[in-house]
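Peer 1: target.cif is reproduced below (mmCIF, C-alpha atoms).
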data_my_file
loop_
_atom_site.label_atom_id
_atom_site.label_comp_id
_atom_site.auth_asym_id
_atom_site.auth_seq_id
_atom_site.Cartn_x
_atom_site.Cartn_y
_atom_site.Cartn_z
CA MET Q 1 32.65 -6.43 0.88
CA ASN Q 2 31.04 -7.40 4.18
CA ALA Q 3 27.32 -8.05 4.30
CA PRO Q 4 24.72 -10.48 5.59
CA ALA Q 5 25.02 -13.96 4.09
CA ALA Q 6 23.09 -17.19 4.37
CA ASN Q 7 24.79 -20.13 6.04
CA SER Q 8 23.43 -23.48 7.15
CA VAL Q 9 25.89 -23.81 10.06
CA HIS Q 10 24.97 -21.96 13.25
CA HIS Q 11 27.94 -20.51 15.13
CA PRO Q 12 28.12 -19.02 18.65
CA TYR Q 13 27.26 -15.35 18.98
CA CYS Q 14 29.98 -12.94 17.96
CA ARG Q 15 29.88 -9.16 17.95
CA PRO Q 16 29.74 -7.57 14.48
CA ARG Q 17 32.93 -5.83 13.36
CA ASP Q 18 32.69 -2.28 12.05
CA SER Q 19 33.41 -2.27 8.33
CA ALA Q 20 32.95 -0.11 5.26
CA THR Q 21 32.70 -0.60 1.53
CA LEU Q 22 32.84 1.75 -1.42
CA ILE Q 23 30.62 1.73 -4.50
CA LEU Q 24 32.30 3.66 -7.30
CA VAL Q 25 29.88 4.99 -9.92
CA ASP Q 26 30.90 5.89 -13.48
CA ARG Q 27 28.35 8.34 -14.91
CA SER Q 28 30.30 9.26 -18.04
CA GLY Q 29 27.89 7.28 -20.25
CA SER Q 30 24.15 7.33 -20.71
CA VAL Q 31 23.69 4.60 -18.06
CA PRO Q 32 25.61 4.73 -14.75
CA LYS Q 33 27.96 1.82 -14.07
CA VAL Q 34 29.17 0.54 -10.72
CA LEU Q 35 32.41 -1.24 -9.91
CA LEU Q 36 32.30 -4.79 -8.59
CA GLY Q 37 35.14 -7.18 -7.85
CA ARG Q 38 35.16 -10.97 -7.85
CA ARG Q 39 36.60 -12.46 -4.67
CA HIS Q 40 39.18 -15.23 -4.84
CA GLU Q 41 37.73 -18.74 -4.60
CA LYS Q 42 39.97 -19.58 -1.62
CA VAL Q 43 39.05 -16.71 0.72
CA VAL Q 44 36.98 -17.65 3.79
CA PHE Q 45 34.28 -15.00 3.44
CA MET Q 46 32.09 -15.02 0.31
CA PRO Q 47 34.51 -16.91 -2.00
CA GLY Q 48 33.96 -16.30 -5.70
CA LYS Q 49 31.24 -13.70 -5.09
CA LEU Q 50 30.93 -10.36 -6.86
CA VAL Q 51 31.21 -7.67 -4.20
CA PHE Q 52 32.07 -4.03 -3.60
CA PRO Q 53 35.62 -3.46 -2.35
CA GLY Q 54 35.61 -3.15 1.43
CA GLY Q 55 36.72 -4.49 4.77
CA SER Q 56 36.99 -3.96 8.52
CA VAL Q 57 38.12 -0.81 10.29
CA GLU Q 58 41.76 -0.91 11.36
CA SER Q 59 43.23 0.99 14.30
CA THR Q 60 45.37 3.13 12.00
CA ASP Q 61 42.26 4.38 10.16
CA HIS Q 62 41.62 6.74 13.10
CA ARG Q 63 44.94 8.52 12.59
CA ILE Q 64 45.12 9.08 8.84
CA PRO Q 65 45.35 12.74 7.78
CA LEU Q 66 42.63 13.85 5.36
CA ALA Q 67 42.34 16.38 2.55
CA ALA Q 68 38.97 17.48 3.95
CA ASP Q 69 36.73 16.76 6.92
CA LEU Q 70 33.64 14.63 6.62
CA PRO Q 71 30.58 16.75 5.80
CA SER Q 72 28.66 17.25 9.04
CA ALA Q 73 25.50 15.84 7.41
CA LEU Q 74 27.37 12.64 6.55
CA THR Q 75 28.62 12.32 10.12
CA GLU Q 76 25.03 12.67 11.34
CA LYS Q 77 23.97 9.71 9.19
CA LEU Q 78 26.90 7.60 10.34
CA VAL Q 79 26.29 8.13 14.06
CA ALA Q 80 22.58 7.29 13.73
CA GLY Q 81 21.18 3.84 14.41
CA SER Q 82 22.16 1.19 16.94
CA PRO Q 83 24.75 0.12 17.94
CA LYS Q 84 25.73 3.77 18.32
CA THR Q 85 28.73 5.16 16.45
CA ALA Q 86 30.98 7.89 17.85
CA PRO Q 87 31.95 10.77 15.51
CA ALA Q 88 35.59 9.64 15.58
CA ARG Q 89 34.47 6.16 14.55
CA ALA Q 90 32.37 7.68 11.75
CA ARG Q 91 35.49 9.37 10.39
CA ALA Q 92 37.39 6.08 10.58
CA LEU Q 93 34.63 4.29 8.65
CA ALA Q 94 34.93 6.73 5.76
CA VAL Q 95 38.71 6.32 5.82
CA THR Q 96 38.30 2.54 5.78
CA ALA Q 97 36.16 2.69 2.64
CA ILE Q 98 38.84 4.72 0.83
CA ARG Q 99 41.70 2.52 2.07
CA GLU Q 100 40.00 -0.73 1.11
CA ALA Q 101 39.16 0.57 -2.37
CA CYS Q 102 42.81 1.45 -2.98
CA GLU Q 103 44.10 -1.75 -1.40
CA GLU Q 104 41.79 -4.07 -3.36
CA THR Q 105 41.41 -2.24 -6.70
CA GLY Q 106 44.35 0.17 -6.93
CA LEU Q 107 41.97 3.14 -7.24
CA CYS Q 108 42.74 6.01 -4.86
CA LEU Q 109 40.23 8.71 -3.88
CA GLY Q 110 42.29 11.67 -2.81
CA ARG Q 111 43.33 15.23 -3.38
CA ARG Q 112 46.63 17.04 -3.52
CA PRO Q 113 46.85 19.63 -0.74
CA SER Q 114 47.81 23.21 -1.55
CA SER Q 115 51.31 22.56 -0.21
CA PRO Q 116 53.44 19.39 -0.29
CA LEU Q 117 52.77 16.70 2.27
CA THR Q 118 54.46 17.36 5.60
CA PRO Q 119 56.87 14.84 7.16
CA SER Q 120 54.21 13.81 9.70
CA GLN Q 121 51.66 13.26 6.93
CA MET Q 122 54.15 11.21 4.93
CA ALA Q 123 54.92 9.13 8.03
CA ALA Q 124 51.21 8.41 8.57
CA LEU Q 125 50.67 7.35 4.95
CA LYS Q 126 52.57 4.07 5.08
CA GLY Q 127 51.68 0.45 4.41
CA GLU Q 128 48.42 0.33 2.45
CA TRP Q 129 48.51 4.12 2.20
CA THR Q 130 51.87 4.26 0.41
CA PRO Q 131 50.24 4.94 -3.03
CA PHE Q 132 48.77 8.15 -1.60
CA ALA Q 133 52.12 9.32 -0.25
CA GLN Q 134 53.89 8.50 -3.51
CA ALA Q 135 51.31 10.50 -5.47
CA GLY Q 136 51.34 13.41 -3.01
CA LEU Q 137 47.69 12.83 -2.10
CA LEU Q 138 45.61 12.88 1.05
CA PRO Q 139 42.48 10.70 1.17
CA ASP Q 140 39.37 12.79 0.53
CA PRO Q 141 36.07 11.69 2.14
CA SER Q 142 34.20 14.86 1.20
CA GLN Q 143 32.69 13.24 -1.90
CA LEU Q 144 31.36 10.15 -0.12
CA TYR Q 145 27.65 9.48 0.40
CA LEU Q 146 26.12 6.84 2.64
CA ILE Q 147 23.80 4.50 0.73
CA ALA Q 148 23.03 1.80 3.31
CA ARG Q 149 24.02 0.15 6.59
CA ALA Q 150 23.69 -3.61 7.14
CA ILE Q 151 24.49 -5.92 10.04
CA THR Q 152 25.19 -9.60 9.40
CA PRO Q 153 22.64 -11.81 11.19
CA PRO Q 154 23.67 -13.81 14.29
CA GLY Q 155 24.80 -17.38 13.87
CA LEU Q 156 27.43 -16.81 11.18
CA ILE Q 157 31.14 -17.43 11.64
CA ARG Q 158 31.88 -13.78 10.76
CA ARG Q 159 29.64 -10.80 11.37
CA PHE Q 160 30.01 -7.22 10.17
CA ASP Q 161 28.30 -3.89 10.73
CA THR Q 162 28.87 -2.51 7.25
CA ARG Q 163 28.40 1.02 5.94
CA PHE Q 164 27.99 1.20 2.17
CA PHE Q 165 29.42 4.43 0.76
CA THR Q 166 29.30 5.63 -2.83
CA ALA Q 167 31.44 8.12 -4.74
CA ASP Q 168 31.64 9.22 -8.34
CA ALA Q 169 34.48 7.72 -10.35
CA SER Q 170 35.66 11.26 -11.11
CA ALA Q 171 36.93 11.36 -7.51
CA ILE Q 172 39.64 8.83 -8.42
CA ALA Q 173 42.89 10.82 -8.34
CA HIS Q 174 45.42 8.03 -8.78
CA SER Q 175 45.53 4.38 -9.78
CA VAL Q 176 47.99 1.58 -9.09
CA GLY Q 177 48.41 -1.19 -11.62
CA GLY Q 178 48.62 -4.92 -10.95
CA VAL Q 179 46.59 -4.89 -7.73
CA VAL Q 180 43.85 -7.14 -9.15
CA ASN Q 181 45.25 -10.49 -10.25
CA ALA Q 182 44.75 -14.25 -10.00
CA ASN Q 183 46.42 -14.42 -6.59
CA ALA Q 184 44.86 -11.31 -5.03
CA GLU Q 185 41.74 -10.96 -2.88
CA LEU Q 186 39.91 -9.64 -5.95
CA VAL Q 187 40.74 -11.56 -9.11
CA GLU Q 188 38.82 -9.34 -11.55
CA LEU Q 189 36.91 -6.07 -11.74
CA ILE Q 190 33.59 -5.57 -13.53
CA TRP Q 191 31.79 -2.33 -14.38
CA LEU Q 192 28.10 -3.25 -14.26
CA GLU Q 193 25.33 -1.03 -15.63
CA LEU Q 194 22.77 -0.05 -13.02
CA GLY Q 195 19.48 -1.75 -13.79
CA ALA Q 196 21.12 -4.68 -15.54
CA SER Q 197 20.01 -8.19 -14.63
CA PRO Q 198 21.71 -9.35 -11.41
CA LEU Q 199 24.69 -11.59 -12.04
CA ALA Q 200 24.57 -15.14 -10.71
CA ASP Q 201 27.56 -14.64 -8.42
CA MET Q 202 26.21 -11.48 -6.80
CA HIS Q 203 25.30 -11.66 -3.09
CA HIS Q 204 21.70 -10.82 -2.21
CA MET Q 205 22.72 -7.84 -0.06
CA THR Q 206 24.82 -6.50 -2.92
CA ARG Q 207 21.70 -6.64 -5.07
CA SER Q 208 19.65 -4.86 -2.40
CA VAL Q 209 22.18 -2.06 -2.06
CA LEU Q 210 22.41 -1.64 -5.83
CA SER Q 211 18.64 -1.23 -5.93
CA GLU Q 212 18.86 1.42 -3.21
CA LEU Q 213 21.59 3.25 -5.11
CA GLU Q 214 19.63 3.13 -8.36
CA ALA Q 215 16.59 4.60 -6.61
CA ARG Q 216 18.70 7.37 -5.04
CA LEU Q 217 20.31 8.32 -8.35
CA ALA Q 218 16.91 8.36 -10.08
CA LYS Q 219 15.82 11.17 -7.75
CA GLY Q 220 18.61 13.47 -8.90
CA PRO Q 221 21.94 14.54 -7.40
CA LEU Q 222 22.92 12.68 -4.26
CA THR Q 223 22.32 14.45 -0.96
CA HIS Q 224 23.08 13.61 2.65
CA ARG Q 225 19.51 14.53 3.58
CA ALA Q 226 18.06 11.42 1.92
CA GLU Q 227 16.90 8.54 4.10
CA VAL Q 228 19.41 5.70 4.38
CA PRO Q 229 18.18 2.09 4.77
CA PHE Q 230 19.46 0.14 7.76
CA PHE Q 231 19.19 -3.65 7.38
CA HIS Q 232 19.44 -5.72 10.55
CA PHE Q 233 17.93 -8.77 12.22
CA ARG Q 234 15.81 -9.26 15.32
CA ASN Q 235 14.54 -12.64 16.51
CA GLY Q 236 15.46 -14.13 13.14
CA GLU Q 237 13.52 -11.52 11.18
CA LYS Q 238 15.18 -9.21 8.67
CA LEU Q 239 14.24 -5.58 9.32
CA ARG Q 240 14.64 -2.47 7.21
CA ASP Q 241 14.76 0.75 9.20
CA THR Q 242 15.96 4.15 8.00
CA LEU Q 243 18.65 6.50 9.26
#
Could you rewrite the structure in this file as structure tokens?
Peer 2:
Amino acid sequence: MNAPAANSVHHPYCRPRDSATLILVDRSGSVPKVLLGRRHEKVVFMPGKLVFPGGSVESTDHRIPLAADLPSALTEKLVAGSPKTAPARARALAVTAIREACEETGLCLGRRPSSPLTPSQMAALKGEWTPFAQAGLLPDPSQLYLIARAITPPGLIRRFDTRFFTADASAIAHSVGGVVNANAELVELIWLELGASPLADMHHMTRSVLSELEARLAKGPLTHRAEVPFFHFRNGEKLRDTL
């Protein structure tokens, strides 16, 4: 999870890193639940906080084969706003969200293609993507929706330009056990009911995005046509624009 955070120490300017996070929603019960993970106390960024699984874009995220293309309406949302985002980068952001969710929680959003994975596809699905190859899956971004974009304010030791995606838990096609443990980046997972009182260890941007998600879900089925909030800072002031 990468989002704006308060910090009393002012650091030299650094350019925000593109990142993505995934909010999984379980709507099997009467009240939707979202998946949060508690970060290890010894990590540098947001230790001990409850966050959505996520992280920075990696160079390999541009080359991962997919089960389906990004919906054009989703790409339009991702390329909007400033700094500008190229369509290829938009694709990589969606891939990042899926990769980080699998890497940090063991939950894989994918789909089995109509024919077995080709040798080139298997070769591309290595490292963090090995669970997909072993299950015969390709990552599937077609069920992702953009809920928010947020840029960490200047002056912090780490800055991120984060896109918050959501997907229904029914999109989980495979799970890997033992990923979350006392020595991992996430030490526990929590399914939190939407509308529940914010937990003490929840970051303020996490709370803001949960409120945005709750409002979106209250309007009915998710659509790419909905306005997406864009949180950023100018001259020390927090702004909320829309994409």
Peer 1: Quick one: of Q:Ala80, Q:Leu22, Q:Leu137, Q:Leu66, who's nearest to Leu243 of chain Q, counting all atoms listed in the file?
Peer 2: Q:Ala80
Peer 1: The residues within 8 Å of (15.8, 4.5, 3.1), using all atoms listed in the file and the coordinates of the file, should be reported as a ChimeraX atom specification; which are they?
Peer 2: /Q:148,212,226-230,241-243
Peer 1: Starting from the shown file, work through the PyMOL selection byres ((chain Q and resi 47) around 12) and note down what comes out as a list in words.
Peer 2: Met1, Asn2, Ala5, Gly37, Arg38, Arg39, His40, Glu41, Lys42, Val43, Val44, Phe45, Met46, Gly48, Lys49, Leu50, Val51, Glu185, Leu186, Val187, Asp201, Met202 and His203 of chain Q
Peer 1: For each of Q:Glu188, Q:Ala150, Q:Glu76, Q:Ala124, take the minimum atom-to-atom distance to Thr21 of chain Q, counting only C-alpha atoms, then give the residue where this is smallest.
Peer 2: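 Closest residue, counting only C-alpha atoms: Q:Ala150.
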Peer 1: Applied to the shown file, which residues does the PyMOL selection byres ((chain Q and resi 145) around 6) return, written as a list in words?
Peer 2: Leu144, Leu146, Phe165 and Thr166 of chain Q
Peer 1: I'd like the contact shell of Arg63 of chain Q - 12 Å cut-off, all atoms listed in the file, skipping same-chain residues fewer than 5 positions apart - returned as a PyMOL selection string.
Peer 2: chain Q and resi 57-58+88-89+91-93+95-96+120-121+123-126+129+139
Peer 1: Pick out the closest residue to Arg163 of chain Q from this set: Q:Arg17, Q:Arg149, Q:Arg216, Q:Arg112. Count all atoms listed in the file.
Peer 2: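 Closest to Arg163 of chain Q of all the choices is Q:Arg149.
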Peer 1: So that I can see what lies close to Leu213 of chain Q, please list as number ranges by chain the residues with an atom at most 9 Å from it, counting all atoms listed in the file and leaving out residues fewer than 2 positions away in the same chain.
Peer 2: Q: 147-148, 166, 194, 208-211, 215-218
Peer 1: Using the chain letters and numbers from this file, what does the PyMOL selection byres ((chain Q and resi 25-34) around 10) select? Give the answer as JSON, numbers by chain.
Peer 2: {"Q": [22, 23, 24, 35, 36, 52, 166, 167, 168, 169, 170, 171, 190, 191, 192, 193, 194, 195, 196, 210, 213, 214, 217]}
Peer 1: Can you spit out the residues from that selection as a compact mmCIF listing (two decimals), in the frame of the given file, using C-alpha atoms?
Peer 2:
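The new file result26.txt reads:
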# COMPACT_ATOMS: atom_id res chain seq x y z
CA LEU Q 22 32.84 1.75 -1.42
CA ILE Q 23 30.62 1.73 -4.50
CA LEU Q 24 32.30 3.66 -7.30
CA LEU Q 35 32.41 -1.24 -9.91
CA LEU Q 36 32.30 -4.79 -8.59
CA PHE Q 52 32.07 -4.03 -3.60
CA THR Q 166 29.30 5.63 -2.83
CA ALA Q 167 31.44 8.12 -4.74
CA ASP Q 168 31.64 9.22 -8.34
CA ALA Q 169 34.48 7.72 -10.35
CA SER Q 170 35.66 11.26 -11.11
CA ALA Q 171 36.93 11.36 -7.51
CA ILE Q 190 33.59 -5.57 -13.53
CA TRP Q 191 31.79 -2.33 -14.38
CA LEU Q 192 28.10 -3.25 -14.26
CA GLU Q 193 25.33 -1.03 -15.63
CA LEU Q 194 22.77 -0.05 -13.02
CA GLY Q 195 19.48 -1.75 -13.79
CA ALA Q 196 21.12 -4.68 -15.54
CA LEU Q 210 22.41 -1.64 -5.83
CA LEU Q 213 21.59 3.25 -5.11
CA GLU Q 214 19.63 3.13 -8.36
CA LEU Q 217 20.31 8.32 -8.35
Peer 1: Could you jot down the atom CA of Phe231 of chain Q to atom CA of Lys219 of chain Q separation for me, Å, one decimal place?
Peer 2: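 A separation of 21.4 Å between them.
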Peer 1: Just how far from atom CA of Thr105 of chain Q is atom CA of Val179 of chain Q, in Å to one decimal?
Peer 2: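 Going from atom CA of Val179 of chain Q over to atom CA of Thr105 of chain Q, I get 5.9 Å.
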Peer 1: Looking at all atoms listed in the file, which of Q:Met205, Q:Ala73, Q:Ile98, Q:Ala20 is the one that sits closest to Thr223 of chain Q?
Peer 2: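 Going through Q:Met205, Q:Ala73, Q:Ile98, Q:Ala20 one by one, the smallest distance to Thr223 of chain Q is for Q:Ala73.
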Peer 1: Q:Gly81, Q:Ser197, Q:Pro119, Q:Ala173: which is nearest Arg240 of chain Q, counting all atoms listed in the file?
Peer 2: Q:Gly81
Peer 1: Pick out the closest residue to Pro154 of chain Q from this set: Q:Glu128, Q:Glu237, Q:Asp69, Q:Asp18. Count all atoms listed in the file.
Peer 2: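 Using all atoms listed in the file, the shortest distance to Pro154 of chain Q belongs to Q:Glu237.
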Peer 1: Record the distance separating atom CA of Glu104 of chain Q and atom CA of Pro53 of chain Q, expressed in Å with one decimal.
Peer 2: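 Between these atoms lies a distance of 6.3 Å.
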Peer 1: Give the padded box for segment 192-211 of chain Q as AutoDock Vina command-line options: axis-aligned, covering all atoms listed in the file, 3 Å on each side, centre and edge lengths in Å to one decimal.
Peer 2:
--center_x 23.4 --center_y -7.6 --center_z -7.8 --size_x 15.5 --size_y 21.1 --size_z 21.6
